[in-house]
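Structure file query.cif (mmCIF, C-alpha atoms and all ligand atoms) follows.
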data_my_file
loop_
_atom_site.label_atom_id
_atom_site.label_comp_id
_atom_site.auth_asym_id
_atom_site.auth_seq_id
_atom_site.Cartn_x
_atom_site.Cartn_y
_atom_site.Cartn_z
CA MET A 1 140.66 106.12 109.85
CA THR A 2 136.92 106.69 110.23
CA GLU A 3 135.23 106.76 113.63
CA SER A 4 133.62 103.36 113.07
CA GLN A 5 137.05 101.79 112.54
CA SER A 6 138.59 103.25 115.69
CA ALA A 7 135.56 102.25 117.80
CA ASP A 8 136.51 98.59 117.34
CA LEU A 9 132.99 97.63 116.21
CA PRO A 10 132.34 94.10 114.96
CA LEU A 11 132.26 95.42 111.37
CA ARG A 12 132.06 93.02 108.39
CA ASP A 13 135.65 91.96 107.65
CA GLU A 14 135.63 93.23 104.05
CA LEU A 15 134.57 96.72 105.21
CA LYS A 16 137.42 97.08 107.69
CA GLY A 17 139.91 99.76 106.70
CA GLN A 18 137.69 101.06 103.86
CA GLU A 19 136.82 104.72 103.23
CA PRO A 20 133.23 105.77 102.37
CA TYR A 21 132.70 106.73 98.71
CA GLY A 22 132.21 110.43 98.04
CA ALA A 23 133.75 113.37 96.25
CA PRO A 24 134.52 116.55 98.25
CA GLN A 25 131.37 118.65 98.85
CA LEU A 26 132.73 122.20 99.02
CA THR A 27 130.90 125.45 98.43
CA VAL A 28 133.04 127.42 95.97
CA ARG A 29 132.23 129.68 93.02
CA ALA A 30 132.33 126.89 90.40
CA MET A 31 131.43 123.37 91.53
CA LEU A 32 132.31 121.23 88.51
CA ASN A 33 133.21 117.93 90.15
CA VAL A 34 130.14 115.69 90.27
CA ASN A 35 128.52 116.24 86.86
CA GLU A 36 125.43 118.01 88.14
CA THR A 37 123.58 120.56 86.02
CA THR A 38 125.01 123.80 87.39
CA TYR A 39 122.11 125.99 86.27
CA ASP A 40 119.57 126.79 88.99
CA VAL A 41 116.24 124.99 88.74
CA PRO A 42 114.02 127.38 86.69
CA SER A 43 111.52 129.23 88.90
CA GLU A 44 108.48 127.87 87.04
CA VAL A 45 109.74 124.33 87.75
CA VAL A 46 110.35 125.23 91.41
CA ASP A 47 106.70 126.40 91.54
CA ALA A 48 105.41 123.21 89.89
CA ILE A 49 107.40 121.00 92.28
CA THR A 50 106.24 123.00 95.30
CA GLN A 51 102.62 122.63 94.25
CA GLU A 52 102.87 118.84 93.73
CA VAL A 53 104.75 118.34 97.00
CA ARG A 54 102.17 120.44 98.83
CA SER A 55 99.40 118.27 97.50
CA ALA A 56 101.33 115.09 98.43
CA ALA A 57 101.85 116.48 101.95
CA GLN A 58 98.11 116.31 102.56
CA THR A 59 98.17 112.50 102.48
CA LEU A 60 101.52 111.82 104.13
CA ASN A 61 99.68 109.94 106.88
CA ARG A 62 99.29 107.14 104.27
CA TYR A 63 102.04 105.06 102.68
CA PRO A 64 102.88 106.13 99.12
CA ASP A 65 101.76 104.27 95.98
CA ARG A 66 104.29 101.45 96.09
CA GLU A 67 103.92 100.94 92.34
CA PHE A 68 104.56 104.66 91.62
CA THR A 69 101.95 104.31 88.86
CA THR A 70 101.81 107.94 87.72
CA LEU A 71 105.59 108.31 87.75
CA ARG A 72 106.03 105.14 85.69
CA ARG A 73 103.61 106.37 83.08
CA LYS A 74 105.37 109.72 82.84
CA LEU A 75 108.85 108.14 82.69
CA ALA A 76 107.72 105.76 79.92
CA ALA A 77 106.28 108.65 77.91
CA TYR A 78 109.44 110.69 78.41
CA LEU A 79 111.75 107.86 77.31
CA THR A 80 109.59 107.13 74.27
CA GLY A 81 109.91 110.76 73.18
CA GLU A 82 113.61 111.00 74.01
CA SER A 83 114.80 107.79 72.36
CA GLY A 84 112.25 107.05 69.67
CA ALA A 85 111.78 103.55 71.15
CA ASP A 86 108.29 102.52 72.22
CA ILE A 87 108.58 102.18 76.01
CA GLU A 88 105.54 101.18 78.10
CA ALA A 89 104.90 101.81 81.82
CA PRO A 90 105.30 98.13 82.88
CA GLN A 91 108.88 98.28 81.54
CA ILE A 92 109.84 101.02 84.02
CA TRP A 93 111.40 100.62 87.45
CA ALA A 94 112.60 103.50 89.66
CA GLY A 95 114.53 104.09 92.88
CA ASN A 96 116.25 106.74 94.97
CA GLY A 97 118.86 107.58 92.35
CA SER A 98 120.17 105.17 89.74
CA ASN A 99 122.50 104.03 92.53
CA GLU A 100 119.56 102.33 94.21
CA VAL A 101 118.22 101.01 90.92
CA MET A 102 121.61 99.41 90.24
CA GLN A 103 121.62 97.93 93.73
CA HIS A 104 118.19 96.38 93.05
CA ILE A 105 119.52 94.88 89.80
CA LEU A 106 122.49 93.31 91.57
CA GLN A 107 120.40 92.09 94.50
CA ALA A 108 118.15 90.29 92.05
CA PHE A 109 120.66 89.04 89.47
CA ALA A 110 124.05 88.95 91.23
CA GLY A 111 124.41 88.36 95.00
CA PRO A 112 126.58 85.91 96.97
CA GLY A 113 128.66 83.50 94.89
CA ARG A 114 127.94 85.45 91.69
CA SER A 115 129.98 87.99 89.74
CA VAL A 116 129.64 91.48 88.28
CA MET A 117 131.82 92.77 85.44
CA SER A 118 132.52 96.27 84.14
CA PHE A 119 135.31 97.92 82.18
CA PRO A 120 137.56 100.39 84.07
CA PRO A 121 138.24 103.21 84.01
CA THR A 122 134.52 103.51 84.61
CA TYR A 123 132.09 104.59 87.33
CA SER A 124 133.91 103.73 90.53
CA MET A 125 130.72 102.70 92.34
CA TYR A 126 130.41 99.47 90.30
CA PRO A 127 132.91 97.46 92.41
CA LEU A 128 131.27 98.86 95.55
CA TYR A 129 127.78 97.85 94.43
CA ALA A 130 129.20 94.36 93.83
CA GLN A 131 130.80 94.26 97.26
CA GLY A 132 127.56 95.43 98.89
CA VAL A 133 125.72 92.36 97.57
CA TYR A 134 128.64 89.96 98.29
CA SER A 135 129.43 89.44 94.60
CA ARG A 136 132.85 89.04 93.02
CA TYR A 137 133.89 92.02 90.88
CA ILE A 138 135.56 91.36 87.53
CA ALA A 139 137.48 94.22 85.87
CA GLY A 140 137.44 93.96 82.07
CA THR A 141 139.77 95.96 79.84
CA ARG A 142 139.28 98.67 77.23
CA SER A 143 140.91 99.37 73.87
CA ALA A 144 142.97 102.44 72.93
CA ASN A 145 141.71 105.81 74.19
CA PHE A 146 139.20 104.06 76.45
CA THR A 147 137.04 102.86 73.55
CA GLN A 148 135.40 99.42 73.46
CA ASP A 149 135.51 97.08 70.51
CA PRO A 150 132.53 94.73 69.88
CA HIS A 151 134.64 91.64 69.32
CA ASP A 152 136.89 92.31 72.31
CA VAL A 153 133.94 92.94 74.68
CA ALA A 154 132.21 89.75 73.53
CA THR A 155 135.41 87.73 73.99
CA GLN A 156 135.92 89.03 77.53
CA ILE A 157 132.32 88.19 78.47
CA ARG A 158 132.65 84.69 76.98
CA GLU A 159 135.85 84.11 78.95
CA ARG A 160 134.71 85.50 82.29
CA ARG A 161 131.00 84.57 82.20
CA PRO A 162 129.82 87.20 84.71
CA HIS A 163 126.25 87.08 86.04
CA VAL A 164 125.79 90.79 85.36
CA VAL A 165 127.83 92.93 82.97
CA ILE A 166 127.61 96.71 83.21
CA LEU A 167 128.40 98.82 80.15
CA CYS A 168 128.50 102.55 80.86
CA SER A 169 127.55 104.72 77.89
CA PRO A 170 128.49 107.56 77.83
CA ASN A 171 131.17 106.30 80.20
CA ASN A 172 132.12 108.11 83.39
CA PRO A 173 134.90 109.38 83.65
CA THR A 174 136.00 109.13 80.00
CA GLY A 175 132.88 110.45 78.18
CA THR A 176 133.06 107.56 75.68
CA ALA A 177 129.76 106.48 74.10
CA LEU A 178 129.28 102.92 72.86
CA SER A 179 127.94 102.08 69.43
CA LEU A 180 124.96 99.75 69.38
CA GLU A 181 127.26 97.15 67.78
CA VAL A 182 129.12 96.90 71.11
CA VAL A 183 125.88 96.45 73.07
CA GLU A 184 124.66 93.89 70.52
CA ALA A 185 127.95 91.93 70.69
CA ALA A 186 127.87 92.00 74.50
CA TYR A 187 124.26 90.82 74.49
CA GLU A 188 124.91 87.92 72.11
CA ALA A 189 127.88 86.77 74.23
CA ALA A 190 125.86 87.24 77.42
CA LEU A 191 123.04 85.03 76.15
CA GLU A 192 125.44 82.08 76.07
CA SER A 193 126.30 82.46 79.76
CA ALA A 194 122.93 83.52 81.24
CA THR A 195 124.33 87.02 81.90
CA MET A 196 122.18 90.12 82.38
CA VAL A 197 123.45 93.14 80.40
CA VAL A 198 123.03 96.59 81.94
CA VAL A 199 123.72 99.75 79.95
CA ASP A 200 124.14 102.69 82.34
CA GLU A 201 122.95 105.74 80.41
CA ALA A 202 123.08 108.22 83.31
CA TYR A 203 124.39 110.78 80.79
CA GLY A 204 122.26 109.60 77.86
CA GLU A 205 120.64 112.96 77.10
CA PHE A 206 124.03 114.56 76.39
CA ARG A 207 124.99 112.13 73.62
CA GLN A 208 126.21 113.54 70.32
CA PRO A 209 123.70 113.78 67.46
CA GLY A 210 123.39 110.47 65.63
CA THR A 211 124.35 108.29 68.62
CA PRO A 212 121.27 106.13 69.34
CA SER A 213 120.29 105.04 72.85
CA ALA A 214 120.40 101.37 73.83
CA LEU A 215 116.69 101.85 74.65
CA THR A 216 116.11 101.26 70.94
CA MET A 217 117.40 97.69 71.42
CA LEU A 218 115.07 96.64 74.26
CA ALA A 219 112.40 95.01 72.10
CA ASP A 220 113.00 91.23 71.97
CA ARG A 221 116.00 91.39 74.32
CA PRO A 222 114.67 90.15 77.69
CA ARG A 223 118.08 90.25 79.37
CA LEU A 224 118.91 93.86 78.52
CA ILE A 225 118.42 96.67 81.06
CA VAL A 226 118.98 100.39 80.38
CA THR A 227 119.37 102.65 83.42
CA ARG A 228 118.83 106.42 83.45
CA THR A 229 118.69 109.15 86.07
CA MET A 230 117.02 112.51 86.69
CA SER A 231 120.21 113.67 88.48
CA LYS A 232 121.96 114.99 85.38
CA ALA A 233 119.92 116.30 82.42
CA PHE A 234 116.83 116.98 84.59
CA ALA A 235 118.84 119.04 87.12
CA LEU A 236 117.26 116.96 89.90
CA ALA A 237 120.29 115.45 91.65
CA GLY A 238 118.87 116.49 95.03
CA GLY A 239 115.52 114.83 94.26
CA ARG A 240 117.14 111.36 94.04
CA LEU A 241 115.28 109.69 91.22
CA GLY A 242 116.91 107.06 89.04
CA TYR A 243 115.09 104.59 86.81
CA LEU A 244 115.44 101.86 84.24
CA ALA A 245 113.66 100.35 81.28
CA ALA A 246 113.66 96.61 80.60
CA ALA A 247 111.27 93.76 79.83
CA PRO A 248 108.28 93.65 82.23
CA ALA A 249 109.60 90.33 83.61
CA VAL A 250 112.72 92.19 84.81
CA THR A 251 110.80 94.92 86.61
CA ASP A 252 108.66 92.18 88.14
CA ALA A 253 111.79 90.47 89.49
CA LEU A 254 113.01 93.73 91.05
CA ARG A 255 109.87 93.87 93.22
CA LEU A 256 111.33 90.89 95.09
CA VAL A 257 114.25 92.93 96.46
CA ARG A 258 112.91 96.46 96.94
CA LEU A 259 112.14 97.62 100.44
CA PRO A 260 108.46 98.35 101.14
CA TYR A 261 107.42 101.80 99.87
CA HIS A 262 110.98 102.67 98.85
CA LEU A 263 109.94 105.72 96.83
CA SER A 264 108.48 108.36 99.13
CA ALA A 265 105.38 110.31 98.14
CA ILE A 266 107.53 113.48 98.23
CA THR A 267 110.06 111.98 95.81
CA GLN A 268 107.30 110.82 93.47
CA ALA A 269 105.62 114.23 93.57
CA ALA A 270 108.86 116.13 92.82
CA ALA A 271 109.78 113.79 89.96
CA ASN A 272 106.27 113.95 88.47
CA ALA A 273 106.39 117.75 88.46
CA ALA A 274 109.88 117.75 86.89
CA LEU A 275 108.67 115.37 84.16
CA ASP A 276 105.68 117.62 83.46
CA ASN A 277 108.27 120.35 82.84
CA ALA A 278 110.79 118.25 80.95
CA GLN A 279 110.95 120.63 78.01
CA THR A 280 111.85 123.62 80.18
CA LEU A 281 114.49 121.60 82.03
CA MET A 282 115.98 120.20 78.81
CA ALA A 283 116.55 123.70 77.40
CA ASN A 284 119.82 123.81 79.34
CA VAL A 285 121.03 120.47 77.95
CA GLN A 286 121.78 122.13 74.61
CA ARG A 287 123.75 124.92 76.32
CA ILE A 288 125.72 122.41 78.39
CA LYS A 289 126.59 120.40 75.27
CA GLN A 290 127.94 123.59 73.65
CA GLN A 291 130.19 124.22 76.66
CA ARG A 292 131.29 120.55 76.62
CA ASP A 293 132.34 120.85 72.96
CA ARG A 294 134.03 124.18 73.72
CA LEU A 295 136.03 122.53 76.53
CA VAL A 296 137.35 119.92 74.09
CA THR A 297 138.34 122.58 71.54
CA GLU A 298 139.99 124.93 74.03
CA LEU A 299 141.79 122.24 76.05
CA THR A 300 143.23 120.94 72.77
CA ALA A 301 144.39 124.46 71.88
CA MET A 302 146.13 124.62 75.27
CA GLY A 303 148.18 121.56 74.31
CA LEU A 304 146.26 119.18 76.59
CA HIS A 305 144.57 115.92 75.56
CA PRO A 306 140.80 115.94 76.05
CA TYR A 307 138.87 112.82 75.03
CA PRO A 308 135.78 113.02 72.78
CA SER A 309 132.75 113.30 75.07
CA ASP A 310 129.08 112.35 74.72
CA ALA A 311 128.45 113.40 78.34
CA ASN A 312 128.24 116.64 80.34
CA PHE A 313 131.92 116.46 81.33
CA VAL A 314 135.33 116.15 79.72
CA LEU A 315 138.29 114.00 80.75
CA PHE A 316 141.63 115.47 79.79
CA GLY A 317 145.22 114.32 80.09
CA GLY A 318 148.61 115.79 79.32
CA LEU A 319 149.14 117.32 82.78
CA GLN A 320 152.56 116.89 84.37
CA ASP A 321 151.14 117.09 87.87
CA ALA A 322 147.36 116.65 87.91
CA HIS A 323 147.06 117.23 91.66
CA ALA A 324 148.93 120.55 91.45
CA ALA A 325 146.59 121.70 88.66
CA TRP A 326 143.54 120.57 90.68
CA GLN A 327 144.81 122.47 93.74
CA HIS A 328 145.51 125.64 91.72
CA LEU A 329 141.93 125.55 90.39
CA LEU A 330 140.51 124.96 93.87
CA ASP A 331 142.52 127.87 95.29
CA ASP A 332 140.80 129.89 92.56
CA GLY A 333 137.35 128.69 93.70
CA ILE A 334 136.94 126.08 90.96
CA LEU A 335 136.36 122.50 92.07
CA ILE A 336 136.87 119.74 89.48
CA ARG A 337 137.47 115.99 89.84
CA GLU A 338 140.65 114.07 90.45
CA VAL A 339 140.48 110.65 88.77
CA ALA A 340 142.56 107.52 89.15
CA ILE A 341 144.32 108.05 85.81
CA GLU A 342 147.76 109.63 86.03
CA GLY A 343 148.09 113.12 84.55
CA HIS A 344 144.31 113.38 84.02
CA LEU A 345 141.44 115.40 85.49
CA ARG A 346 137.71 115.51 84.76
CA VAL A 347 135.67 118.70 84.54
CA THR A 348 131.88 119.10 84.37
CA ALA A 349 130.55 121.39 81.62
CA GLY A 350 128.85 124.21 83.51
CA THR A 351 127.50 127.59 82.44
CA GLU A 352 129.44 129.68 79.93
CA THR A 353 130.86 131.81 82.76
CA GLU A 354 131.96 128.79 84.80
CA THR A 355 133.61 127.25 81.74
CA THR A 356 135.45 130.51 81.00
CA ASP A 357 136.60 130.78 84.63
CA PHE A 358 137.86 127.20 84.57
CA LEU A 359 139.74 127.63 81.28
CA ASP A 360 141.28 130.96 82.39
CA SER A 361 142.45 129.52 85.69
CA LEU A 362 143.92 126.40 84.11
CA ARG A 363 145.67 128.51 81.46
CA SER A 364 147.22 130.69 84.16
CA HIS A 365 148.42 127.55 85.98
CA LEU A 366 150.01 126.12 82.83
CA ASN A 367 151.65 129.46 81.97
CA GLY A 368 152.63 130.10 85.59
N1 LIG B 1 125.91 106.09 86.85
C1 LIG B 1 126.90 106.92 86.51
C2 LIG B 1 127.74 106.58 85.33
C3 LIG B 1 127.14 108.08 87.25
O1 LIG B 1 128.16 108.88 86.92
C4 LIG B 1 126.32 108.37 88.37
C5 LIG B 1 126.51 109.60 89.23
N2 LIG B 1 127.67 110.24 89.17
C6 LIG B 1 125.31 107.47 88.68
C7 LIG B 1 125.13 106.35 87.90
C8 LIG B 1 124.42 107.63 89.88
O2 LIG B 1 123.62 108.74 89.81
P1 LIG B 1 122.30 108.90 90.69
O3 LIG B 1 122.33 107.89 91.79
O4 LIG B 1 122.35 110.30 91.16
O5 LIG B 1 121.18 108.63 89.74
#
So that I can check it, write out the structure of this file as C-alpha cells.
Amino acid sequence: MTESQSADLPLRDELKGQEPYGAPQLTVRAMLNVNETTYDVPSEVVDAITQEVRSAAQTLNRYPDREFTTLRRKLAAYLTGESGADIEAPQIWAGNGSNEVMQHILQAFAGPGRSVMSFPPTYSMYPLYAQGVYSRYIAGTRSANFTQDPHDVATQIRERRPHVVILCSPNNPTGTALSLEVVEAAYEAALESATMVVVDEAYGEFRQPGTPSALTMLADRPRLIVTRTMSKAFALAGGRLGYLAAAPAVTDALRLVRLPYHLSAITQAAANAALDNAQTLMANVQRIKQQRDRLVTELTAMGLHPYPSDANFVLFGGLQDAHAAWQHLLDDGILIREVAIEGHLRVTAGTETETTDFLDSLRSHLNG
C-alpha cells in the first residue's frame, strides 16, 4: 500500500488501491529494462546541448516560446529526412515525452464518456492514459505470435467503435511492426465511426529495412496521428521530448488542452541541440540494431523463442520460470524487464559488451 492510500485521503475512487506505474530504477552494470539507448551521450553532443542551454538560461526570466517554433521546424525537417514523407512544421506537436503528447491526444479526442482502444499485449500505459482522462478502455485482440491482420483489426474497430484507437508499431513489448495495410485498414474502418487513429512509433528508427513509417500515409488522412519520441533513438530519455505529426487541424486542436508554456526553454534548447546533431546520435542506432538481431539469433540457438523485432529490444519466451531467470540476471548485475506474459521476458539491445554479458548470464542460468 502506498503512503497516499494509508493516509485515508479523499482520493478519486478509481485510484484507490492502485500502484503507480514504473519499472525498477536500479543502478547495476547492465540496465536493459526500459529500452533506453545505453551508449553515453557523445561528448560533442553534450557540448552542443550545454551551449544551447546556457544561451537559453540568459532569458529564463521570460516564458518560453509557447509555439516552440524552432523545435517544430527542426522536428519536421528530421522526420522528412527519416521517413521520406514531406512533413511541414505546422504538422508537428511536442510535449514532455510522448507520454504527454498521448495525454494531449486523449484529452482532445477521448475524455469522459468516450473510449480508447489498443491491442494487448502492448504498451501498458495505454489503459492508464485512458483512465487519466476518464475514458473507457477497450482491449482488442491480436493474431498468432502477436501479429495484427488488416481484416481482423478493421472488424474489431467496426464492432467496438472507439473514439481513439492506438496502434503501436513497432509494438512494445513484442517488437512487432505493422504493415501499412494494417494502418490503412484501421483508418478506413475508423472513418466510419469518427475514430482518431494513432500510430505510436516510439521505436520507429529501429525498424527493419523495407518497413515504411506510417508518416508516409499522413497526406490526405486528417484523422491519422503518428507519435515519435527522442527518448529512444536520440538517446535523450532524460530530456523528455516526445512529438507527433498529423494534419495541422489536429495540432491546432491540441492547443486547446495543453497547459500554458508546457515545454520549458531548457527542454526546447536541449532538443534543438540534439536535433542539430542527429547524425552523430543516430550512428549508434545501427549498432543497436545489430545487437538486436544478434539477440534473436543467439536466443534461438539457446532453445528459447524470441519474436522478430523491429525495435531496440527483444521479447522471448520458452522459459520455465521467467521470474527465476530475471532474478538470476539481476543477481549478476543485469536488469531486464518482466512482462505480463507467462514464461517471457523482454531485454533491451545494449552495447556489444552488455549483450554478451546478458547472453552469458542467461546461458549459465539455463545450464545451471
Ligand atoms: N510509447 C511506447 C511504445 C513506449 O514504449 C514508451 C516508453 N517506454 C513511450 C511511448 C513513452 O516514451 P516517452 O514518454 O519517453 O517519449
**Prompt:** Which protein, DNA or RNA residues have an atom within 9 Å of ligand LIG 1 (chain B), counting only C-alpha atoms and all ligand atoms, as number ranges by chain?
**Reply:** A: 34-36, 95-102, 122-126, 168-173, 200-203, 227-232, 236-243
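Among the candidates A:Gln208, A:Thr297, A:Thr147, A:Asn277, the one nearest to A:Val182 when counting all atoms listed in the file is A:Thr147.
Using all atoms listed in the file, the nearest neighbour of A:Arg223 within the list A:Ala246, A:Met282, A:Leu295, A:Leu128 is A:Ala246.
Here atom CA of A:Arg294 stands at a distance of 19.3 Å from atom CA of A:Thr211.
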**Request:** Find the residues around A:Thr70 up to 8 Å (all atoms listed in the file counted), leave out those fewer than 3 positions away in its own chain, and share them as a ChimeraX atom specification.
**Result:** /A:73-74,272
**Request:** For atom CA of A:Gln290 and atom CA of A:Thr353, determine how far apart the two atoms are, in Å to one decimal place.
**Result:** 12.6 Å
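One distance worth recording is that between atom CA of A:Leu180 and atom CA of A:Thr216, which is 9.1 Å.
For the residues A:Phe109, A:Arg207, A:Thr37, A:Asp310, ranking by smallest atom-to-atom distance to A:Ile288 using only C-alpha atoms places A:Thr37 first.
Minimum atom-to-atom distance to A:Pro308, evaluated using all atoms listed in the file, belongs to A:Ala177 out of A:Leu218, A:Ala271, A:Ala177, A:Ala245.
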**Message:** At a cut-off of 10 Å, using all atoms listed in the file, what residues contact stretch 77-80 of chain A? Leave out same-chain residues fewer than 2 positions from it and give the result as an MDAnalysis selection string.
**Reply:** chainID A and resid 71:75 82:89 92 215:216 228 244:245 275:276 278
**Message:** With all atoms listed in the file as the counted atoms, please give the residues lying no more than 12 Å from A:Leu224, apart from itself and same-chain residues fewer than 6 positions off, as a PyMOL selection string.
**Reply:** chain A and resi 91+105+164-167+183-184+186-188+190-191+194-200+214-218+244-251
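Proximity of A:Thr69, A:Thr38, A:Ser193, A:Gln320 to A:Thr348, computed with only C-alpha atoms, is greatest for A:Thr38.
Residues surrounding A:Ala108 within 8 Å are His104, Ala253, Leu254, Leu256 and Val257 of chain A [all atoms listed in the file; sequence separation below 4 positions excluded].
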**Prompt:** Could you pull the residues within 10 Å of A:Leu330, counting all atoms listed in the file, minus those fewer than 3 positions along the same chain, as a ChimeraX atom specification?
**Reply:** /A:26,28-31,324-327,333-336,358,361
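Between A:Val41 and the residues A:Thr280, A:Ser309, A:Ser364, A:Thr176, the shortest atom-to-atom distance, using all atoms listed in the file, involves A:Thr280.
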Which centre and which edge lengths, in Å to one decimal, describe the axis-aligned box that holds all listed atoms of stretch 331-339 of chain A after 8 Å is added on each side, as lines of an AutoDock Vina configuration file?
center_x = 139.4
center_y = 120.3
center_z = 92.0
size_x = 22.2
size_y = 35.2
size_z = 22.5
For the point (137.6, 120.5, 83.9) in the file's frame, write as a PDB file with C-alpha atoms, in the frame of the given file all residues with an atom no more than 10 Å away, counting all atoms listed in the file.
ATOM      1  CA  LEU A  32     132.310 121.230  88.510  1.00  0.00           C
ATOM      2  CA  ASN A  33     133.210 117.930  90.150  1.00  0.00           C
ATOM      3  CA  ARG A 292     131.290 120.550  76.620  1.00  0.00           C
ATOM      4  CA  LEU A 295     136.030 122.530  76.530  1.00  0.00           C
ATOM      5  CA  VAL A 296     137.350 119.920  74.090  1.00  0.00           C
ATOM      6  CA  LEU A 299     141.790 122.240  76.050  1.00  0.00           C
ATOM      7  CA  PRO A 306     140.800 115.940  76.050  1.00  0.00           C
ATOM      8  CA  PHE A 313     131.920 116.460  81.330  1.00  0.00           C
ATOM      9  CA  VAL A 314     135.330 116.150  79.720  1.00  0.00           C
ATOM     10  CA  LEU A 315     138.290 114.000  80.750  1.00  0.00           C
ATOM     11  CA  PHE A 316     141.630 115.470  79.790  1.00  0.00           C
ATOM     12  CA  TRP A 326     143.540 120.570  90.680  1.00  0.00           C
ATOM     13  CA  LEU A 329     141.930 125.550  90.390  1.00  0.00           C
ATOM     14  CA  ILE A 334     136.940 126.080  90.960  1.00  0.00           C
ATOM     15  CA  LEU A 335     136.360 122.500  92.070  1.00  0.00           C
ATOM     16  CA  ILE A 336     136.870 119.740  89.480  1.00  0.00           C
ATOM     17  CA  ARG A 337     137.470 115.990  89.840  1.00  0.00           C
ATOM     18  CA  GLU A 338     140.650 114.070  90.450  1.00  0.00           C
ATOM     19  CA  HIS A 344     144.310 113.380  84.020  1.00  0.00           C
ATOM     20  CA  LEU A 345     141.440 115.400  85.490  1.00  0.00           C
ATOM     21  CA  ARG A 346     137.710 115.510  84.760  1.00  0.00           C
ATOM     22  CA  VAL A 347     135.670 118.700  84.540  1.00  0.00           C
ATOM     23  CA  THR A 348     131.880 119.100  84.370  1.00  0.00           C
ATOM     24  CA  ALA A 349     130.550 121.390  81.620  1.00  0.00           C
ATOM     25  CA  GLY A 350     128.850 124.210  83.510  1.00  0.00           C
ATOM     26  CA  THR A 355     133.610 127.250  81.740  1.00  0.00           C
ATOM     27  CA  PHE A 358     137.860 127.200  84.570  1.00  0.00           C
ATOM     28  CA  LEU A 359     139.740 127.630  81.280  1.00  0.00           C
ATOM     29  CA  LEU A 362     143.920 126.400  84.110  1.00  0.00           C
TER      30      LEU A 362
END
With N, CA and C atoms as the target, complete stretch 330-346 of chain A and hand it back as a PDB file, in the coordinates of the input.
ATOM      1  N   LEU A 330     141.294 124.866  92.635  1.00  0.00           N
ATOM      2  CA  LEU A 330     140.510 124.960  93.870  1.00  0.00           C
ATOM      3  C   LEU A 330     140.846 126.255  94.627  1.00  0.00           C
ATOM      4  N   ASP A 331     142.118 126.607  94.636  1.00  0.00           N
ATOM      5  CA  ASP A 331     142.520 127.870  95.290  1.00  0.00           C
ATOM      6  C   ASP A 331     141.839 129.054  94.615  1.00  0.00           C
ATOM      7  N   ASP A 332     141.484 128.858  93.347  1.00  0.00           N
ATOM      8  CA  ASP A 332     140.800 129.890  92.560  1.00  0.00           C
ATOM      9  C   ASP A 332     139.271 129.779  92.693  1.00  0.00           C
ATOM     10  N   GLY A 333     138.798 128.858  93.511  1.00  0.00           N
ATOM     11  CA  GLY A 333     137.350 128.690  93.700  1.00  0.00           C
ATOM     12  C   GLY A 333     136.695 127.810  92.652  1.00  0.00           C
ATOM     13  N   ILE A 334     137.493 126.958  91.995  1.00  0.00           N
ATOM     14  CA  ILE A 334     136.940 126.080  90.960  1.00  0.00           C
ATOM     15  C   ILE A 334     137.247 124.627  91.328  1.00  0.00           C
ATOM     16  N   LEU A 335     136.187 123.882  91.611  1.00  0.00           N
ATOM     17  CA  LEU A 335     136.360 122.500  92.070  1.00  0.00           C
ATOM     18  C   LEU A 335     136.075 121.545  90.909  1.00  0.00           C
ATOM     19  N   ILE A 336     137.099 120.778  90.488  1.00  0.00           N
ATOM     20  CA  ILE A 336     136.870 119.740  89.480  1.00  0.00           C
ATOM     21  C   ILE A 336     137.246 118.391  90.082  1.00  0.00           C
ATOM     22  N   ARG A 337     137.343 117.329  89.281  1.00  0.00           N
ATOM     23  CA  ARG A 337     137.470 115.990  89.840  1.00  0.00           C
ATOM     24  C   ARG A 337     138.828 115.363  89.562  1.00  0.00           C
ATOM     25  N   GLU A 338     139.452 114.877  90.623  1.00  0.00           N
ATOM     26  CA  GLU A 338     140.650 114.070  90.450  1.00  0.00           C
ATOM     27  C   GLU A 338     140.193 112.657  90.109  1.00  0.00           C
ATOM     28  N   VAL A 339     140.853 112.011  89.165  1.00  0.00           N
ATOM     29  CA  VAL A 339     140.480 110.650  88.770  1.00  0.00           C
ATOM     30  C   VAL A 339     141.702 109.756  88.920  1.00  0.00           C
ATOM     31  N   ALA A 340     141.451 108.450  88.918  1.00  0.00           N
ATOM     32  CA  ALA A 340     142.560 107.520  89.150  1.00  0.00           C
ATOM     33  C   ALA A 340     143.319 107.213  87.860  1.00  0.00           C
ATOM     34  N   ILE A 341     143.542 108.226  87.043  1.00  0.00           N
ATOM     35  CA  ILE A 341     144.320 108.050  85.810  1.00  0.00           C
ATOM     36  C   ILE A 341     145.414 109.124  85.870  1.00  0.00           C
ATOM     37  N   GLU A 342     146.661 108.689  85.830  1.00  0.00           N
ATOM     38  CA  GLU A 342     147.760 109.630  86.030  1.00  0.00           C
ATOM     39  C   GLU A 342     147.753 110.753  84.994  1.00  0.00           C
ATOM     40  N   GLY A 343     147.992 111.976  85.462  1.00  0.00           N
ATOM     41  CA  GLY A 343     148.090 113.120  84.550  1.00  0.00           C
ATOM     42  C   GLY A 343     146.755 113.575  83.992  1.00  0.00           C
ATOM     43  N   HIS A 344     145.646 113.068  84.545  1.00  0.00           N
ATOM     44  CA  HIS A 344     144.310 113.380  84.020  1.00  0.00           C
ATOM     45  C   HIS A 344     143.427 114.023  85.090  1.00  0.00           C
ATOM     46  N   LEU A 345     142.494 114.842  84.631  1.00  0.00           N
ATOM     47  CA  LEU A 345     141.440 115.400  85.490  1.00  0.00           C
ATOM     48  C   LEU A 345     140.131 115.364  84.698  1.00  0.00           C
ATOM     49  N   ARG A 346     139.020 115.487  85.424  1.00  0.00           N
ATOM     50  CA  ARG A 346     137.710 115.510  84.760  1.00  0.00           C
ATOM     51  C   ARG A 346     136.971 116.776  85.187  1.00  0.00           C
TER      52      ARG A 346
END
